[in-house]
Amino acid sequence: MAKLSQDELLEQFSGMTILELSDFVKAFEERFDVEAAAPVAVAAAPAGGGAAAEAEPEKDEFDVILTGAGEKKIQVIKVVRELTSLGLKEAKELVDGAPKAVVEKVNKEAADKAKEALEGAGASVEVK
């Protein structure tokens with residue numbers, strides 16, 4: 001059998017169905033005792049420590065997490081009610097169950113305002 005060039009092999013593969021290609025890959029792996037890895041897995045690995053941070057898009061949605069009610073629990077419950085549409089019982093449960101998200105998927109400005117209001121009432125807050 002004559003040796004096929006890379007272009008000729010690609011031309012042959014382009015005429016195959018997905019099922020035929022899948023069977024070919026399995027046979028290739030068995031014959032040469034190798035395992036085909038998805039190219040996405042290789043691309044997902046960061047090239048360098050700093051490059052990964054630069055590649056991430058700027059975050060535009062934030063969650064405000066109540067981590068603790070502090071000394072003035074009643075004041076914190078009032079602020080939680082102002083920030084959300086929760087009733088008294090639900091707001092109290094949220095504060096008692098801290099750490100919990102008070103507001104989720106808001107812009108930076110709204111997250112900062114919520115954090116400021118909660119901290120002003122004596123709560124400890126985290127923005128993620």
# chains A, B, ... in the order shown; residues from 1 in each chain; ligands from 1

call {"tool": "select_by_dssp", "arguments": {"residues": "chain A", "states": "alpha helix (DSSP H)", "output": "ChimeraX atom specification"}}
result
/A:6-14,18-32,39-44,49-55,73-83,88-96,108-120

call {"tool": "residues_around", "arguments": {"residues": "Leu88 in chain A", "least_positions_apart": "5", "cutoff": "10 Å", "atoms": "only C-alpha atoms", "output": "list in words"}}
result
Ile77, Lys78, Val80, Arg81, Glu93 and Leu94 of chain A

call {"tool": "closest_residue", "arguments": {"among": "A:Ala114, A:Val95, A:Phe62, A:Lys100", "to": "Glu82 in chain A", "atoms": "only C-alpha atoms"}}
result
A:Ala114
